[in-house]
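Colleague: So I've got this file, input18.json, and it contains JSON, C-alpha atoms:
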```json
[["chain", "number", "residue", "atom", "x", "y", "z"],
["H", 1, "LEU", "CA", 34.08, 31.39, 81.89],
["H", 2, "THR", "CA", 32.97, 34.80, 83.11],
["H", 3, "VAL", "CA", 32.14, 37.67, 80.76],
["H", 4, "LYS", "CA", 31.84, 41.07, 82.43],
["H", 5, "LYS", "CA", 29.25, 43.64, 81.43],
["H", 6, "GLY", "CA", 30.69, 45.90, 78.72],
["H", 7, "GLU", "CA", 33.53, 43.50, 77.87],
["H", 8, "PHE", "CA", 34.65, 42.63, 74.33],
["H", 9, "LEU", "CA", 35.75, 38.99, 74.48],
["H", 10, "ALA", "CA", 37.07, 36.80, 71.67],
["H", 11, "ILE", "CA", 36.84, 33.02, 71.91],
["H", 12, "LEU", "CA", 39.59, 31.67, 69.66],
["H", 13, "GLY", "CA", 39.85, 28.09, 68.48],
["H", 14, "PRO", "CA", 40.53, 25.90, 65.45],
["H", 15, "SER", "CA", 37.89, 24.02, 63.47],
["H", 16, "GLY", "CA", 36.39, 21.22, 65.53],
["H", 17, "SER", "CA", 37.41, 22.72, 68.87],
["H", 18, "GLY", "CA", 33.85, 23.20, 70.12],
["H", 19, "LYS", "CA", 33.33, 26.86, 69.14],
["H", 20, "SER", "CA", 29.94, 26.27, 67.55],
["H", 21, "THR", "CA", 28.70, 24.19, 70.47],
["H", 22, "LEU", "CA", 29.82, 26.87, 72.91],
["H", 23, "MET", "CA", 28.15, 29.57, 70.81],
["H", 24, "ASN", "CA", 24.89, 27.61, 70.80],
["H", 25, "VAL", "CA", 25.03, 27.24, 74.57],
["H", 26, "ILE", "CA", 25.80, 30.93, 75.15],
["H", 27, "GLY", "CA", 23.04, 31.82, 72.68],
["H", 28, "CYS", "CA", 20.52, 29.64, 74.54],
["H", 29, "MET", "CA", 19.97, 27.52, 71.43],
["H", 30, "ASP", "CA", 21.35, 24.23, 72.80],
["H", 31, "HIS", "CA", 20.84, 22.47, 76.11],
["H", 32, "PHE", "CA", 23.85, 21.23, 78.03],
["H", 33, "ASP", "CA", 24.33, 18.11, 80.15],
["H", 34, "SER", "CA", 25.83, 19.61, 83.30],
["H", 35, "GLY", "CA", 26.93, 22.89, 84.82],
["H", 36, "GLU", "CA", 25.36, 26.29, 85.30],
["H", 37, "TYR", "CA", 24.87, 29.33, 83.06],
["H", 38, "PHE", "CA", 23.73, 32.72, 84.33],
["H", 39, "LEU", "CA", 22.87, 35.64, 82.04],
["H", 40, "ASP", "CA", 22.16, 38.96, 83.75],
["H", 41, "GLY", "CA", 21.71, 36.98, 86.97],
["H", 42, "GLU", "CA", 19.10, 34.65, 85.46],
["H", 43, "ALA", "CA", 19.65, 30.89, 85.76],
["H", 44, "VAL", "CA", 19.56, 29.78, 82.13],
["H", 45, "HIS", "CA", 20.16, 26.13, 83.09],
["H", 46, "ASN", "CA", 16.79, 25.99, 84.86],
["H", 47, "MET", "CA", 14.71, 27.53, 82.07],
["H", 48, "SER", "CA", 12.02, 25.89, 79.97],
["H", 49, "ASP", "CA", 12.18, 26.07, 76.17],
["H", 50, "SER", "CA", 9.61, 28.87, 76.10],
["H", 51, "LYS", "CA", 11.62, 30.93, 78.59],
["H", 52, "LEU", "CA", 14.79, 30.29, 76.57],
["H", 53, "THR", "CA", 13.03, 31.56, 73.45],
["H", 54, "HIS", "CA", 11.98, 34.72, 75.29],
["H", 55, "LEU", "CA", 15.51, 35.20, 76.65],
["H", 56, "ARG", "CA", 17.07, 34.85, 73.18],
["H", 57, "ASN", "CA", 14.75, 37.47, 71.75],
["H", 58, "SER", "CA", 15.04, 39.92, 74.63],
["H", 59, "LYS", "CA", 18.68, 39.69, 75.73],
["H", 60, "ILE", "CA", 20.87, 38.31, 72.92],
["H", 61, "GLY", "CA", 21.68, 39.89, 69.57],
["H", 62, "PHE", "CA", 23.11, 37.44, 67.04],
["H", 63, "ILE", "CA", 25.60, 38.35, 64.30],
["H", 64, "PHE", "CA", 26.42, 35.48, 61.95],
["H", 65, "GLN", "CA", 29.04, 34.87, 59.28],
["H", 66, "LYS", "CA", 26.34, 34.37, 56.61],
["H", 67, "TYR", "CA", 24.20, 37.32, 57.85],
["H", 68, "HIS", "CA", 20.91, 35.31, 57.90],
["H", 69, "LEU", "CA", 18.90, 38.15, 56.44],
["H", 70, "ILE", "CA", 15.56, 37.26, 54.82],
["H", 71, "ASN", "CA", 15.93, 37.97, 51.10],
["H", 72, "LYS", "CA", 12.26, 38.60, 50.37],
["H", 73, "TYR", "CA", 12.17, 41.45, 52.89],
["H", 74, "SER", "CA", 13.75, 44.89, 52.71],
["H", 75, "VAL", "CA", 16.67, 45.77, 54.95],
["H", 76, "LEU", "CA", 14.31, 47.85, 57.08],
["H", 77, "ARG", "CA", 11.86, 44.97, 57.53],
["H", 78, "ASN", "CA", 14.69, 42.60, 58.45],
["H", 79, "VAL", "CA", 15.76, 44.94, 61.24],
["H", 80, "GLU", "CA", 12.16, 45.52, 62.38],
["H", 81, "ILE", "CA", 11.43, 41.82, 62.92],
["H", 82, "PRO", "CA", 12.94, 41.44, 66.44],
["H", 83, "LEU", "CA", 10.95, 44.46, 67.59],
["H", 84, "LEU", "CA", 7.71, 43.20, 66.06],
["H", 85, "LEU", "CA", 8.26, 39.86, 67.82],
["H", 86, "ARG", "CA", 8.53, 41.76, 71.10],
["H", 87, "GLY", "CA", 5.18, 43.42, 70.53],
["H", 88, "TYR", "CA", 6.24, 46.83, 69.25],
["H", 89, "SER", "CA", 3.78, 48.56, 66.95],
["H", 90, "SER", "CA", 4.68, 48.65, 63.26],
["H", 91, "LYS", "CA", 5.17, 52.43, 63.47],
["H", 92, "ASP", "CA", 7.54, 52.27, 66.45],
["H", 93, "ALA", "CA", 9.46, 49.31, 65.02],
["H", 94, "SER", "CA", 9.96, 51.17, 61.74],
["H", 95, "ARG", "CA", 11.17, 54.33, 63.50],
["H", 96, "ILE", "CA", 13.62, 52.52, 65.78],
["H", 97, "ALA", "CA", 14.96, 50.28, 63.00],
["H", 98, "SER", "CA", 15.42, 53.27, 60.66],
["H", 99, "GLU", "CA", 17.35, 55.18, 63.31],
["H", 100, "LYS", "CA", 19.67, 52.23, 63.99],
["H", 101, "LEU", "CA", 20.34, 51.63, 60.30],
["H", 102, "GLU", "CA", 21.11, 55.32, 59.78],
["H", 103, "GLN", "CA", 23.56, 55.22, 62.70],
["H", 104, "LEU", "CA", 25.38, 52.38, 60.94],
["H", 105, "GLY", "CA", 25.56, 54.21, 57.63],
["H", 106, "MET", "CA", 22.71, 52.31, 56.00],
["H", 107, "GLY", "CA", 20.16, 55.13, 55.79],
["H", 108, "ALA", "CA", 20.18, 55.12, 51.98],
["H", 109, "ARG", "CA", 19.61, 51.37, 51.78],
["H", 110, "LEU", "CA", 16.44, 50.95, 53.87],
["H", 111, "GLU", "CA", 14.25, 49.63, 51.04],
["H", 112, "HIS", "CA", 16.92, 47.52, 49.36],
["H", 113, "LYS", "CA", 16.71, 43.73, 49.50],
["H", 114, "PRO", "CA", 19.71, 41.91, 51.02],
["H", 115, "ASN", "CA", 20.79, 40.51, 47.63],
["H", 116, "GLU", "CA", 21.11, 44.09, 46.36],
["H", 117, "LEU", "CA", 23.78, 44.88, 48.96],
["H", 118, "SER", "CA", 27.51, 44.21, 49.28],
["H", 119, "GLY", "CA", 28.71, 41.77, 51.92],
["H", 120, "GLY", "CA", 29.78, 44.61, 54.20],
["H", 121, "GLN", "CA", 26.40, 46.31, 53.87],
["H", 122, "GLN", "CA", 24.61, 43.04, 54.65],
["H", 123, "GLN", "CA", 26.73, 42.60, 57.77],
["H", 124, "ARG", "CA", 25.96, 46.16, 58.86],
["H", 125, "ALA", "CA", 22.26, 45.39, 58.45],
["H", 126, "ALA", "CA", 22.73, 42.23, 60.50],
["H", 127, "ILE", "CA", 24.51, 44.22, 63.21],
["H", 128, "ALA", "CA", 21.65, 46.75, 63.22],
["H", 129, "ARG", "CA", 19.21, 43.87, 63.68],
["H", 130, "ALA", "CA", 21.26, 42.57, 66.62],
["H", 131, "LEU", "CA", 21.44, 46.02, 68.23],
["H", 132, "VAL", "CA", 17.89, 47.24, 67.67],
["H", 133, "GLY", "CA", 16.38, 45.55, 70.70],
["H", 134, "LYS", "CA", 19.02, 46.86, 73.13],
["H", 135, "SER", "CA", 20.24, 43.32, 73.85],
["H", 136, "SER", "CA", 22.41, 42.66, 76.90],
["H", 137, "LEU", "CA", 24.80, 40.54, 74.85],
["H", 138, "LEU", "CA", 26.00, 40.67, 71.25],
["H", 139, "LEU", "CA", 27.09, 37.21, 70.12],
["H", 140, "ALA", "CA", 29.14, 37.25, 66.91],
["H", 141, "ASP", "CA", 30.02, 34.00, 65.12],
["H", 142, "GLU", "CA", 32.91, 34.46, 62.65],
["H", 143, "PRO", "CA", 31.50, 37.91, 61.75],
["H", 144, "THR", "CA", 34.18, 38.66, 59.14],
["H", 145, "GLY", "CA", 34.43, 35.15, 57.68],
["H", 146, "ALA", "CA", 32.50, 35.95, 54.49],
["H", 147, "LEU", "CA", 34.09, 39.38, 53.93],
["H", 148, "ASP", "CA", 37.20, 40.56, 52.13],
["H", 149, "SER", "CA", 39.99, 41.89, 54.35],
["H", 150, "ALA", "CA", 39.19, 45.59, 53.90],
["H", 151, "THR", "CA", 35.47, 45.15, 54.63],
["H", 152, "GLY", "CA", 36.27, 42.82, 57.52],
["H", 153, "LYS", "CA", 38.48, 45.53, 59.00],
["H", 154, "GLU", "CA", 35.59, 48.02, 58.77],
["H", 155, "VAL", "CA", 33.27, 45.62, 60.59],
["H", 156, "LEU", "CA", 35.84, 45.03, 63.34],
["H", 157, "GLU", "CA", 36.30, 48.79, 63.73],
["H", 158, "LEU", "CA", 32.54, 49.04, 64.13],
["H", 159, "PHE", "CA", 32.71, 46.39, 66.87],
["H", 160, "GLY", "CA", 35.35, 48.50, 68.57],
["H", 161, "GLU", "CA", 33.02, 51.51, 68.50],
["H", 162, "LEU", "CA", 30.16, 49.43, 69.91],
["H", 163, "HIS", "CA", 32.46, 48.24, 72.69],
["H", 164, "LYS", "CA", 33.46, 51.83, 73.53],
["H", 165, "ASN", "CA", 29.74, 52.63, 73.77],
["H", 166, "GLY", "CA", 29.30, 49.99, 76.44],
["H", 167, "HIS", "CA", 28.06, 46.94, 74.52],
["H", 168, "THR", "CA", 29.01, 43.48, 75.75],
["H", 169, "ILE", "CA", 30.39, 41.46, 72.83],
["H", 170, "VAL", "CA", 31.41, 37.81, 72.62],
["H", 171, "MET", "CA", 33.05, 37.03, 69.27],
["H", 172, "ILE", "CA", 33.86, 33.49, 68.19],
["H", 173, "THR", "CA", 36.62, 33.11, 65.61],
["H", 174, "HIS", "CA", 39.40, 30.86, 64.32],
["H", 175, "ASP", "CA", 41.47, 33.86, 63.17],
["H", 176, "LEU", "CA", 44.06, 35.25, 65.59],
["H", 177, "LYS", "CA", 44.18, 38.64, 63.84],
["H", 178, "VAL", "CA", 40.41, 38.99, 64.25],
["H", 179, "ALA", "CA", 40.59, 37.89, 67.88],
["H", 180, "GLN", "CA", 43.28, 40.48, 68.63],
["H", 181, "CYS", "CA", 40.74, 43.24, 67.98],
["H", 182, "ALA", "CA", 38.95, 42.21, 71.17],
["H", 183, "GLU", "CA", 39.72, 43.40, 74.69],
["H", 184, "ARG", "CA", 40.45, 39.86, 75.91],
["H", 185, "ILE", "CA", 41.05, 36.48, 74.27],
["H", 186, "VAL", "CA", 40.26, 33.04, 75.66],
["H", 187, "HIS", "CA", 41.09, 29.83, 73.83],
["H", 188, "ILE", "CA", 38.97, 26.75, 73.23],
["H", 189, "VAL", "CA", 40.76, 23.50, 72.34],
["H", 190, "ASP", "CA", 39.11, 20.08, 72.20],
["H", 191, "GLY", "CA", 36.09, 21.39, 74.09],
["H", 192, "GLU", "CA", 38.16, 22.90, 76.93],
["H", 193, "ILE", "CA", 38.40, 26.63, 77.66],
["H", 194, "TYR", "CA", 41.79, 28.11, 78.55],
["H", 195, "GLU", "CA", 42.03, 31.64, 79.93],
["H", 196, "ASN", "CA", 45.76, 31.73, 79.18],
["H", 197, "GLU", "CA", 47.42, 30.42, 76.02],
["H", 198, "ALA", "CA", 50.34, 29.11, 78.08],
["H", 199, "ASP", "CA", 47.99, 26.63, 79.79],
["H", 200, "ILE", "CA", 47.04, 24.83, 76.56],
["H", 201, "PRO", "CA", 48.57, 21.31, 76.47],
["H", 202, "LYS", "CA", 51.49, 21.16, 74.07],
["H", 203, "ASN", "CA", 50.05, 18.24, 72.10],
["H", 204, "SER", "CA", 46.82, 20.16, 71.29]]
```
Starting from the coordinates I provided, produce the structure as structure tokens.
Modeller:
Amino acid sequence: LTVKKGEFLAILGPSGSGKSTLMNVIGCMDHFDSGEYFLDGEAVHNMSDSKLTHLRNSKIGFIFQKYHLINKYSVLRNVEIPLLLRGYSSKDASRIASEKLEQLGMGARLEHKPNELSGGQQQRAAIARALVGKSSLLLADEPTGALDSATGKEVLELFGELHKNGHTIVMITHDLKVAQCAERIVHIVDGEIYENEADIPKNS
């Protein structure tokens, strides 16, 4: 599987097809038994755990179905955390995080806690957190799965805007309508990736 810089790719597959495993491999969270994985020309398959941790923080922005925001922190602090982990000063992290949240329409919610926000607002905060470090890759796992249809549509439109602005996005989903918002769709069935739907075995 090759993902080009600036591409918006959807990986579509049913429950149990291997989507989560593939996401964990792409996100440098799981090791794999064989094969090679290059991210921005770097050989991920040869990296130590410490290098993988650094790569995750510096090059991959994660957007999850359940948001994974820290409830005891404000929205602003949640978005600052990746920058603080990279060694930014508190002042710079606050400025950059505030700017990104404002760009995503969250400027009036900076001091709110996640449980004080709607699902769509929480997902926007999560997207801001993924974007704030200028990651090479945005990895979205069922990003609309916890949202109603109208809010999910707004989030997908936001992904479209991010794609137009040059972001590389890999979105994992079981929903064909969600996948169709991407530039390209590949299928995963029983742990196998198919570039073309016509190549999927008929008994799958």
Colleague: List every protein, DNA or RNA residue with an atom no more than 9 Å from (41.3, 42.8, 73.5) in the file's coordinates, counting only C-alpha atoms, and format the result as a list in words.
Modeller: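 Using only C-alpha atoms, the matching residues come out as Glu7, Phe8, Leu9, Ala10, Ala179, Gln180, Cys181, Ala182, Glu183, Arg184 and Ile185 of chain H.
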Colleague: Please determine, counting only C-alpha atoms, which residue among H:Gly191, H:Ile172, H:Lys177, H:Ser136 has the shortest atom-to-atom distance to H:Leu12.
Modeller: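 The answer is H:Ile172, which sits nearest to H:Leu12.
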Colleague: Just to confirm, what's the straight-line distance from atom CA of H:Leu104 to atom CA of H:Gln121 in Å (one decimal)?
Modeller: 9.4 Å
Colleague: Could you check the closest approach to H:Val79 for each of H:Ser50, H:Lys113, H:Phe62, H:Ala128 and tell me which residue wins, using only C-alpha atoms?
Modeller: H:Ala128
Colleague: Which neighbours of H:Leu83 fall inside 10 Å, counting all atoms listed in the file, when residues of the same chain fewer than 2 positions from it are skipped, and could you give them as a list in words?
Modeller: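 My list of contacting residues is Asn57, Ser58, Val79, Glu80, Ile81, Leu85, Arg86, Gly87, Tyr88, Ser89, Ser90, Asp92, Ala93, Ser94, Ile96, Ala97, Arg129, Val132 and Gly133 of chain H.
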Colleague: Report as CSV the residues of stretch 147-176 of chain H within 12 Å of stretch 27-43 of chain H, each with its shortest atom pair and distance in Å (one decimal), using all atoms listed in the file, ordered by chain and increasing residue number.
Modeller:
```
residue,atom,partner,partner_atom,distance
H:Thr168,CA,H:Asp40,CA,11.5
H:Val170,CA,H:Gly27,CA,10.3
H:Met171,CA,H:Gly27,CA,11.8
H:Ile172,CA,H:Gly27,CA,11.8
```
Colleague: Neighbours of H:Glu157 within 12 Å (all atoms listed in the file; same-chain residues fewer than 2 positions away dropped), as a ChimeraX atom specification?
Modeller: /H:104,124,144,150-155,159-164,178,180-182
Colleague: Using all atoms listed in the file for the distances, tell me which of H:His45, H:Arg77, H:His68, H:Lys134 is nearest to H:Gly119.
Modeller: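 Counting all atoms listed in the file, the residue closest to H:Gly119 is H:His68.
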Colleague: Please provide the set of residues having any atom within 10 Å of H:Asp141, restricted to only C-alpha atoms, with same-chain residues fewer than 3 positions apart removed, written as a list of chain:residue names.
Modeller: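 Once the adjacent positions are removed, what remains is H:Ile11, H:Lys19, H:Ser20, H:Met23, H:Asn24, H:Phe62, H:Ile63, H:Phe64, H:Gln65, H:Lys66, H:Tyr67, H:Leu138, H:Thr144, H:Gly145, H:Val170, H:Met171, H:Ile172, H:Thr173, H:His174.
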Colleague: Go ahead and compute the interatomic distance for atom CA of H:Val25 and atom CA of H:Val44, in Å to one decimal.
Modeller: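 Spanning atom CA of H:Val25 to atom CA of H:Val44 is a straight-line distance of 9.7 Å.
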Colleague: Could you work out an axis-aligned box for stretch 88-105 of chain H, taking every atom the file lists and adding 6 Å on each side, and report centre and edge lengths in Å to one decimal, as AutoDock Vina command-line options?
Modeller:
```
--center_x 14.7 --center_y 51.1 --center_z 63.4 --size_x 33.8 --size_y 20.5 --size_z 23.6
```
Colleague: Can you tell me which residues surround H:Asn115 at a distance of at most 12 Å, considering all atoms listed in the file, apart from same-chain residues fewer than 3 positions away, and format the answer as a list in words?
Modeller: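 My reading of the contact set: Tyr67, His68, Leu69, Ile70, Asn71, Lys72, Tyr73, Ser74, Val75, Arg109, Glu111, His112, Ser118, Gly119, Gly120, Gln121, Gln122, Gln123 and Ala125 of chain H.
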Colleague: Do you have the atom CA of H:Leu158-atom CA of H:Leu139 distance handy?
Modeller: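 So the two atoms, atom CA of H:Leu158 and atom CA of H:Leu139, lie 14.3 Å apart.
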Colleague: Give me, as a VMD selection string, all polymer residues having an atom no more than 9 Å from H:Ser17, counting all atoms listed in the file and skipping those fewer than 5 positions away in the same chain.
Modeller: chain H and resid 188 to 192
Colleague: Considering all atoms listed in the file, state which residue in the set H:Leu55, H:Leu1, H:Ala126, H:Leu147 is at the smallest distance from H:Tyr194.
Modeller: H:Leu1
Colleague: Please, could N, CA and C atoms be added to stretch 110-144 of chain H and the result written as a PDB file, in the coordinates of the input?
Modeller:
```
ATOM      1  N   LEU H 110      17.529  51.506  53.068  1.00  0.00           N
ATOM      2  CA  LEU H 110      16.440  50.950  53.870  1.00  0.00           C
ATOM      3  C   LEU H 110      15.515  50.035  53.071  1.00  0.00           C
ATOM      4  N   GLU H 111      15.216  50.396  51.833  1.00  0.00           N
ATOM      5  CA  GLU H 111      14.250  49.630  51.040  1.00  0.00           C
ATOM      6  C   GLU H 111      14.914  48.621  50.102  1.00  0.00           C
ATOM      7  N   HIS H 112      16.223  48.510  50.170  1.00  0.00           N
ATOM      8  CA  HIS H 112      16.920  47.520  49.360  1.00  0.00           C
ATOM      9  C   HIS H 112      16.713  46.119  49.941  1.00  0.00           C
ATOM     10  N   LYS H 113      16.726  45.133  49.073  1.00  0.00           N
ATOM     11  CA  LYS H 113      16.710  43.730  49.500  1.00  0.00           C
ATOM     12  C   LYS H 113      18.160  43.310  49.806  1.00  0.00           C
ATOM     13  N   PRO H 114      18.348  42.324  50.679  1.00  0.00           N
ATOM     14  CA  PRO H 114      19.710  41.910  51.020  1.00  0.00           C
ATOM     15  C   PRO H 114      20.576  41.553  49.817  1.00  0.00           C
ATOM     16  N   ASN H 115      19.980  40.909  48.784  1.00  0.00           N
ATOM     17  CA  ASN H 115      20.790  40.510  47.630  1.00  0.00           C
ATOM     18  C   ASN H 115      21.177  41.679  46.747  1.00  0.00           C
ATOM     19  N   GLU H 116      20.724  42.877  47.088  1.00  0.00           N
ATOM     20  CA  GLU H 116      21.110  44.090  46.360  1.00  0.00           C
ATOM     21  C   GLU H 116      22.247  44.827  47.081  1.00  0.00           C
ATOM     22  N   LEU H 117      22.754  44.234  48.149  1.00  0.00           N
ATOM     23  CA  LEU H 117      23.780  44.880  48.960  1.00  0.00           C
ATOM     24  C   LEU H 117      25.112  44.144  48.859  1.00  0.00           C
ATOM     25  N   SER H 118      26.194  44.855  49.164  1.00  0.00           N
ATOM     26  CA  SER H 118      27.510  44.210  49.280  1.00  0.00           C
ATOM     27  C   SER H 118      27.548  43.395  50.570  1.00  0.00           C
ATOM     28  N   GLY H 119      28.569  42.557  50.703  1.00  0.00           N
ATOM     29  CA  GLY H 119      28.710  41.770  51.920  1.00  0.00           C
ATOM     30  C   GLY H 119      28.836  42.633  53.160  1.00  0.00           C
ATOM     31  N   GLY H 120      29.611  43.718  53.051  1.00  0.00           N
ATOM     32  CA  GLY H 120      29.780  44.610  54.200  1.00  0.00           C
ATOM     33  C   GLY H 120      28.480  45.288  54.593  1.00  0.00           C
ATOM     34  N   GLN H 121      27.684  45.673  53.586  1.00  0.00           N
ATOM     35  CA  GLN H 121      26.400  46.310  53.870  1.00  0.00           C
ATOM     36  C   GLN H 121      25.431  45.301  54.513  1.00  0.00           C
ATOM     37  N   GLN H 122      25.462  44.062  54.037  1.00  0.00           N
ATOM     38  CA  GLN H 122      24.610  43.040  54.650  1.00  0.00           C
ATOM     39  C   GLN H 122      25.005  42.812  56.102  1.00  0.00           C
ATOM     40  N   GLN H 123      26.299  42.811  56.383  1.00  0.00           N
ATOM     41  CA  GLN H 123      26.730  42.600  57.770  1.00  0.00           C
ATOM     42  C   GLN H 123      26.351  43.782  58.641  1.00  0.00           C
ATOM     43  N   ARG H 124      26.408  44.996  58.100  1.00  0.00           N
ATOM     44  CA  ARG H 124      25.960  46.160  58.860  1.00  0.00           C
ATOM     45  C   ARG H 124      24.467  46.064  59.180  1.00  0.00           C
ATOM     46  N   ALA H 125      23.688  45.582  58.212  1.00  0.00           N
ATOM     47  CA  ALA H 125      22.260  45.390  58.450  1.00  0.00           C
ATOM     48  C   ALA H 125      22.038  44.333  59.530  1.00  0.00           C
ATOM     49  N   ALA H 126      22.839  43.273  59.488  1.00  0.00           N
ATOM     50  CA  ALA H 126      22.730  42.230  60.500  1.00  0.00           C
ATOM     51  C   ALA H 126      23.105  42.751  61.880  1.00  0.00           C
ATOM     52  N   ILE H 127      24.107  43.622  61.936  1.00  0.00           N
ATOM     53  CA  ILE H 127      24.510  44.220  63.210  1.00  0.00           C
ATOM     54  C   ILE H 127      23.394  45.135  63.733  1.00  0.00           C
ATOM     55  N   ALA H 128      22.778  45.899  62.817  1.00  0.00           N
ATOM     56  CA  ALA H 128      21.650  46.750  63.220  1.00  0.00           C
ATOM     57  C   ALA H 128      20.524  45.905  63.800  1.00  0.00           C
ATOM     58  N   ARG H 129      20.246  44.773  63.177  1.00  0.00           N
ATOM     59  CA  ARG H 129      19.210  43.870  63.680  1.00  0.00           C
ATOM     60  C   ARG H 129      19.556  43.363  65.084  1.00  0.00           C
ATOM     61  N   ALA H 130      20.833  43.063  65.313  1.00  0.00           N
ATOM     62  CA  ALA H 130      21.260  42.570  66.620  1.00  0.00           C
ATOM     63  C   ALA H 130      21.174  43.658  67.694  1.00  0.00           C
ATOM     64  N   LEU H 131      21.393  44.913  67.281  1.00  0.00           N
ATOM     65  CA  LEU H 131      21.440  46.020  68.230  1.00  0.00           C
ATOM     66  C   LEU H 131      20.068  46.608  68.545  1.00  0.00           C
ATOM     67  N   VAL H 132      19.112  46.442  67.634  1.00  0.00           N
ATOM     68  CA  VAL H 132      17.890  47.240  67.670  1.00  0.00           C
ATOM     69  C   VAL H 132      17.065  47.020  68.941  1.00  0.00           C
ATOM     70  N   GLY H 133      17.174  45.832  69.505  1.00  0.00           N
ATOM     71  CA  GLY H 133      16.380  45.550  70.700  1.00  0.00           C
ATOM     72  C   GLY H 133      17.088  45.843  72.009  1.00  0.00           C
ATOM     73  N   LYS H 134      18.239  46.530  71.935  1.00  0.00           N
ATOM     74  CA  LYS H 134      19.020  46.860  73.130  1.00  0.00           C
ATOM     75  C   LYS H 134      19.367  45.601  73.926  1.00  0.00           C
ATOM     76  N   SER H 135      19.894  44.600  73.226  1.00  0.00           N
ATOM     77  CA  SER H 135      20.240  43.320  73.850  1.00  0.00           C
ATOM     78  C   SER H 135      21.364  43.486  74.861  1.00  0.00           C
ATOM     79  N   SER H 136      21.344  42.634  75.894  1.00  0.00           N
ATOM     80  CA  SER H 136      22.410  42.660  76.900  1.00  0.00           C
ATOM     81  C   SER H 136      23.720  42.135  76.329  1.00  0.00           C
ATOM     82  N   LEU H 137      23.625  41.227  75.368  1.00  0.00           N
ATOM     83  CA  LEU H 137      24.800  40.540  74.850  1.00  0.00           C
ATOM     84  C   LEU H 137      24.748  40.475  73.336  1.00  0.00           C
ATOM     85  N   LEU H 138      25.846  40.871  72.683  1.00  0.00           N
ATOM     86  CA  LEU H 138      26.000  40.670  71.250  1.00  0.00           C
ATOM     87  C   LEU H 138      26.889  39.457  71.040  1.00  0.00           C
ATOM     88  N   LEU H 139      26.372  38.459  70.343  1.00  0.00           N
ATOM     89  CA  LEU H 139      27.090  37.210  70.120  1.00  0.00           C
ATOM     90  C   LEU H 139      27.413  37.108  68.632  1.00  0.00           C
ATOM     91  N   ALA H 140      28.701  37.199  68.304  1.00  0.00           N
ATOM     92  CA  ALA H 140      29.140  37.250  66.910  1.00  0.00           C
ATOM     93  C   ALA H 140      29.902  35.971  66.558  1.00  0.00           C
ATOM     94  N   ASP H 141      29.410  35.255  65.555  1.00  0.00           N
ATOM     95  CA  ASP H 141      30.020  34.000  65.120  1.00  0.00           C
ATOM     96  C   ASP H 141      30.752  34.214  63.802  1.00  0.00           C
ATOM     97  N   GLU H 142      32.092  34.235  63.844  1.00  0.00           N
ATOM     98  CA  GLU H 142      32.910  34.460  62.650  1.00  0.00           C
ATOM     99  C   GLU H 142      32.361  35.640  61.824  1.00  0.00           C
ATOM    100  N   PRO H 143      32.208  36.810  62.420  1.00  0.00           N
ATOM    101  CA  PRO H 143      31.500  37.910  61.750  1.00  0.00           C
ATOM    102  C   PRO H 143      32.176  38.454  60.509  1.00  0.00           C
ATOM    103  N   THR H 144      33.475  38.165  60.327  1.00  0.00           N
ATOM    104  CA  THR H 144      34.180  38.660  59.140  1.00  0.00           C
ATOM    105  C   THR H 144      34.510  37.527  58.169  1.00  0.00           C
TER     106      THR H 144
END
```
